[in-house]
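All remarks here apply to the structure that follows.
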2 protein chains.
Amino acid sequence: MSLPALKNDRLIKALLRQPTDTTPVWIMRQAGRYLPEYRATRQQAGSFLDLCKNKELACEVTLQPLRRFDLDAAILFSDILTIPDAMGLGLYFAEGEGPKFEHPLRNRADIDRLGAPDPSDSLRYVTDAVSLVRQELNGEVPLIGFSGSPWTLSTYMVEGGSSKEYRYIKGMMYENPAALHQLLSTLAQSVTAYLNAQIEAGAQAVMVFDTWGGVLSPRNYREFSLGYMQQIVAGLKREHEGQTIPVTLFTKGGSQWLEDIATSGCNALGLDWTIDIDGARARVGDKVALQGNLDPCVLYADAETIRSEVGDVITRFGNHPGHVFNLGHGIHQAVNPEHLKVLVDAVHEFGFDIRK
Amino acid sequence: MSLPALKNDRLIKALLRQPTDTTPVWIMRQAGRYLPEYRATRQQAGSFLDLCKNKELACEVTLQPLRRFDLDAAILFSDILTIPDAMGLGLYFAEGEGPKFEHPLRNRADIDRLGAPDPSDSLRYVTDAVSLVRQELNGEVPLIGFSGSPWTLSTYMVEGGSSKEYRYIKGMMYENPAALHQLLSTLAQSVTAYLNAQIEAGAQAVMVFDTWGGVLSPRNYREFSLGYMQQIVAGLKREHEGQTIPVTLFTKGGSQWLEDIATSGCNALGLDWTIDIDGARARVGDKVALQGNLDPCVLYADAETIRSEVGDVITRFGNHPGHVFNLGHGIHQAVNPEHLKVLVDAVHEFGFDIRK
C-alpha cells in the first residue's frame, strides 16, 4: 500500500535542523479534552481506553485539532501506558484520579515474568490506528508516533499509578537496582519494537516522553532513565520509505541535563518552560533541534498576552533552523480552544517575520 | 527573660560558612509522621491544626526527634500556611488530601481585603511555641524558625489547596499581574513580620520554603518568587541577643537559578536532590552555604546503601566550610526511624573524616 507524499514538511525539516519558511508548531495533547468535539467522541467511545483501542475513533480525535488549527503535525491519539497494558498489568482509569494498574510490580519475580509484547499482536490496535491516520491525513502534515520512556513507564508499573513520593520504584532503585535494571531493559526492548512498528505503519517522526525523569538525581537520571532512552534511539529505524525519521526525547524537569540528552543520538530535545530557550540553544543548539517551550498556563490569558509570550519564545530562539514550537507540557483541559488558535497563528506570523 | 547560651553551634557556624568539627545535620519534617511518638501526640491533639496551635504539644513534637537522633538543630513544628490561616482564609486539612482553604482568593477584591496579620495577635500561638521550645532546648542545639515564601503561599491561597496545573494562580499571573503583585506584596510584609517575631521569640536561624517556585519560568521566578524573598531577606532582623541570625532560602526545583538566589542576601541555599552538590558549590559556594541534598527515598534502602549515599554527598561537597546536611525534601512518613539514625550518625562520622 503506497502512502501519499508529504505536502507540509516543516516539522521534519525543523527536527533535522534544516531551514523552513516559518516555525512549525504542534501542541502536546492537541487531541484532548479542551476540544468539545473530542469530548463528544470520547462519550461515544465509552472509556478513555475504549477510545484508544478503537482505531476509527482514535483516528477521528487525532484529526480533530487539524480541522480547527493550522498545525504542522498530527500526533497519534493514544496513551503512554499501552505497553504495560499489553504486558498484562491491567491498566484502568479511575475517574479524576489518573491511570492505575490492577497488578503493579513489587518484586523480582513479578519483573522476571514480564516479556516484551509483540507489537503486531497485543499492540496491533495502535499500529492500525497509525496506518489509518496516515491514510486520512493524505500527506497534509506528518504524523508523530510516541511512547513513554522506560523509566516513566516503570514508575507507573511499580507504584501502581501516579505517584508523589515514588516510594516503591525508588526503594527498588536504591535497594535492588538489578531488579530495576531488568525491568528497564525489558521496557527498552519493548519501546524500541513498539516505535519501530509505528514507523513501519506510517509514523514519520517519533517522540519519547520521559515525564518523570526530572524526579531523579543526576547520577540516577543517567543510569536509570537516559541510558535506556539511548538504547532505544540506537535501535530505531531512522529511515523509512526513503525518508529520515527524526527522534525527539523529552524529559520534563530535565533542563539541567540537556547536554547529556543531546549526546544520546536523538535529533531533537523537548523543553519544559522552566528554562529560557535561548539559554538552552546556547548549550546544545549545534547538536540538536529544540521543541518548546511555552508555559501551558499562558493559554489562560488574553490574546494580546498570548501573542506577546509566543513572540518572546520565537525571538529568544532567533533566526536559526531547528525550532519546533510547542508548549512545555500538555495543553490543559480548561483552555478555551480559541486561545490555541491565537497561539498557532502567532507562531507562524512571528516565525515568518524573524526569518526576514 | 534570659535564654540559655548555645552549646552546639555547628549549624549556625556552617550557615555562616565558618569551620566546624563535623558536618551539621537536621532533616526537613524531622518532627513528623514517620515517628510513632509523633503519631501518638497528634492523636492526643486532635487535628493537625490543633497540634500546631497547642504550644505544649507543638513543643513536645518539636523535641521528639532530638531524643532519638544526634541532630544539630530543632525546627519549630508548624505549618507553612499559618499566615493565610491568620488572614481568615479558613485553613483545613481534608484527610489524605493535603491543605485546603474554605475561602480561596479569586479576584482583586478578595486580595485588596487582605491585611498583613499582626504576629503578636493571630499568630501568637507560633511565637509562644518558639519561646517554649527555646526554653526547653536549654541551649543544646539552635532552633530554626520558618515560613512559606510569598509565591508558595499564594498558590495555595488562590488555588484553594494543592495544585497540579496552577490554573488560577498562573491565570492571574498572565492576565492580571498587578493583582498578583498586590497579593505577593502583602505576603512579603506578612512573612517579614512573622519571621522577625519568631526571631524575637527565640528562633536562632530562619528558613523560607519556596516549595513551588520551581513551577515557574525563569523570568516569572525572578519576578513573582525571588523578588519577594529578596524583600523579606532585606527586612529581617539579622542579629538578636548579640548573635547573627542566618537566613536560608529553599526553592524546590530551583537548581537552575542558584546564582540568582545566591545574590538575594541570604546566607544559605537549600538544594533538592536533582543537582550534584559539588556542581552547586562550584556555581555559588563562595557566596553562600549550601543545605542538602540527599534524595529522601534513600531512606527506604538498607544501612549500607544509606551510608554510601551520605558519603557521596559529603565527599562531593569536600573539605570546605558551609555545608549543612539535609534531605532534598521532607522525610517521608513511611520511613523506618532506625534508618534516619543510620543517616545522622554517618553524616557526623564522614564529616569528621573529611576534615582530617
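Starting from 1 in every chain, residues are counted up; chains themselves are A, B, ... following the order of the C-alpha cells, and ligands are numbered from 1 as listed.
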
I want to know what sits within 8 Å of Gly330 in chain A, based on only C-alpha atoms, with residues of the same chain fewer than 4 positions away left out; could you give that as a ChimeraX atom specification?
/A:27-30,296

Write out, as a tab-separated table (two decimals), in the first residue's frame, the residues just selected, with N, CA and C atoms.
chain	number	residue	atom	x	y	z
A	27	ILE	N	1.10	20.79	19.34
A	27	ILE	CA	0.84	21.01	20.76
A	27	ILE	C	0.67	19.66	21.45
A	28	MET	N	1.40	19.44	22.52
A	28	MET	CA	1.22	18.20	23.26
A	28	MET	C	-0.22	18.12	23.78
A	29	ARG	N	-0.83	16.96	23.60
A	29	ARG	CA	-2.27	16.72	23.90
A	29	ARG	C	-3.20	17.60	23.06
A	30	GLN	N	-2.76	17.90	21.82
A	30	GLN	CA	-3.63	18.72	20.96
A	30	GLN	C	-4.96	18.03	20.67
A	296	PRO	N	2.12	26.17	29.59
A	296	PRO	CA	0.73	25.92	29.13
A	296	PRO	C	-0.27	26.89	29.73

Select residues of chain B: the criterion is any atom within 7 Å of an atom of chain A, counting only C-alpha atoms; output as a ChimeraX atom specification.
/B:167,170-171,174-175,215-218,256,273-276,297-298,300-302

Which residues are near Leu290 in chain B? Cut-off 7 Å, only C-alpha atoms, ignore same chain within fewer than 5 positions. Put them as a PDB file with C-alpha atoms, in the first residue's frame.
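Wrote result21.pdb, looks like this:
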ATOM      1  CA  ALA B 268      22.457  29.696  52.647  1.00  0.00           C
ATOM      2  CA  LEU B 269      20.623  27.909  49.832  1.00  0.00           C
ATOM      3  CA  GLY B 270      18.597  24.746  50.266  1.00  0.00           C
ATOM      4  CA  GLY B 322      29.490  25.920  54.681  1.00  0.00           C
ATOM      5  CA  HIS B 323      27.672  22.589  54.382  1.00  0.00           C
ATOM      6  CA  VAL B 324      24.560  21.670  56.365  1.00  0.00           C
TER       7      VAL B 324
END

Could you please write out, as a PyMOL selection string, every residue of range 121-331 of chain A that DSSP assigns to strand (DSSP E)?
chain A and resi 143-148+205-210+239-240+243-244+247-251+268-270+289-294+323-327

Quick one: residues within 6 Å of range 136-148 of chain B, only C-alpha atoms, excluding same-chain residues fewer than 6 positions away - as a PDB file with N, CA and C atoms, in the first residue's frame?
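Contents of the output file around37.pdb:
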ATOM      1  N   PRO B   4      19.131  30.436  77.651  1.00  0.00           N
ATOM      2  CA  PRO B   4      20.432  29.770  77.797  1.00  0.00           C
ATOM      3  C   PRO B   4      21.300  29.926  76.553  1.00  0.00           C
ATOM      4  N   ALA B   5      22.607  29.971  76.742  1.00  0.00           N
ATOM      5  CA  ALA B   5      23.544  30.089  75.618  1.00  0.00           C
ATOM      6  C   ALA B   5      23.598  28.768  74.841  1.00  0.00           C
ATOM      7  N   LEU B   6      24.093  28.857  73.623  1.00  0.00           N
ATOM      8  CA  LEU B   6      24.078  27.716  72.714  1.00  0.00           C
ATOM      9  C   LEU B   6      25.302  26.817  72.926  1.00  0.00           C
ATOM     10  N   LYS B   7      25.048  25.518  73.167  1.00  0.00           N
ATOM     11  CA  LYS B   7      26.159  24.579  73.371  1.00  0.00           C
ATOM     12  C   LYS B   7      26.680  24.038  72.036  1.00  0.00           C
ATOM     13  N   ASN B   8      25.767  23.603  71.181  1.00  0.00           N
ATOM     14  CA  ASN B   8      26.150  23.057  69.870  1.00  0.00           C
ATOM     15  C   ASN B   8      25.852  24.113  68.811  1.00  0.00           C
ATOM     16  N   ASP B  72      21.638  18.328  64.883  1.00  0.00           N
ATOM     17  CA  ASP B  72      22.311  19.577  65.238  1.00  0.00           C
ATOM     18  C   ASP B  72      21.380  20.779  65.263  1.00  0.00           C
ATOM     19  N   ALA B  73      20.096  20.552  65.081  1.00  0.00           N
ATOM     20  CA  ALA B  73      19.136  21.656  65.165  1.00  0.00           C
ATOM     21  C   ALA B  73      17.747  21.109  65.424  1.00  0.00           C
ATOM     22  N   ALA B  74      16.938  21.953  66.042  1.00  0.00           N
ATOM     23  CA  ALA B  74      15.496  21.720  66.116  1.00  0.00           C
ATOM     24  C   ALA B  74      14.844  22.665  65.120  1.00  0.00           C
ATOM     25  N   ILE B  75      13.722  22.228  64.533  1.00  0.00           N
ATOM     26  CA  ILE B  75      12.934  23.159  63.720  1.00  0.00           C
ATOM     27  C   ILE B  75      11.532  23.165  64.276  1.00  0.00           C
ATOM     28  N   LEU B  76      11.015  24.360  64.464  1.00  0.00           N
ATOM     29  CA  LEU B  76       9.688  24.521  65.039  1.00  0.00           C
ATOM     30  C   LEU B  76       8.677  23.648  64.313  1.00  0.00           C
ATOM     31  N   ILE B  80       3.386  25.617  56.912  1.00  0.00           N
ATOM     32  CA  ILE B  80       3.734  26.804  56.133  1.00  0.00           C
ATOM     33  C   ILE B  80       2.526  27.716  55.902  1.00  0.00           C
ATOM     34  N   ALA B 203      13.933  32.199  67.849  1.00  0.00           N
ATOM     35  CA  ALA B 203      14.462  31.431  66.717  1.00  0.00           C
ATOM     36  C   ALA B 203      15.874  31.922  66.395  1.00  0.00           C
ATOM     37  N   GLN B 204      16.822  30.987  66.252  1.00  0.00           N
ATOM     38  CA  GLN B 204      18.231  31.362  66.072  1.00  0.00           C
ATOM     39  C   GLN B 204      18.689  31.297  64.617  1.00  0.00           C
ATOM     40  N   ALA B 205      17.839  30.799  63.749  1.00  0.00           N
ATOM     41  CA  ALA B 205      18.068  30.793  62.299  1.00  0.00           C
ATOM     42  C   ALA B 205      16.679  30.745  61.681  1.00  0.00           C
ATOM     43  N   VAL B 206      16.533  31.267  60.466  1.00  0.00           N
ATOM     44  CA  VAL B 206      15.220  31.174  59.819  1.00  0.00           C
ATOM     45  C   VAL B 206      15.380  30.691  58.385  1.00  0.00           C
ATOM     46  N   MET B 207      14.303  30.072  57.911  1.00  0.00           N
ATOM     47  CA  MET B 207      14.322  29.483  56.575  1.00  0.00           C
ATOM     48  C   MET B 207      13.008  29.796  55.879  1.00  0.00           C
ATOM     49  N   VAL B 208      13.102  30.119  54.594  1.00  0.00           N
ATOM     50  CA  VAL B 208      11.905  30.363  53.783  1.00  0.00           C
ATOM     51  C   VAL B 208      11.772  29.202  52.800  1.00  0.00           C
ATOM     52  N   PHE B 209      10.617  28.531  52.848  1.00  0.00           N
ATOM     53  CA  PHE B 209      10.347  27.380  51.975  1.00  0.00           C
ATOM     54  C   PHE B 209       9.572  27.848  50.746  1.00  0.00           C
TER      55      PHE B 209
END

For Ala188 in chain B, which residue out of B:Arg124, B:Val288, B:Ser78, B:Gln231 is the nearest one, using only C-alpha atoms?
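Once distances to Ala188 in chain B are computed over only C-alpha atoms, the minimum belongs to B:Gln231.
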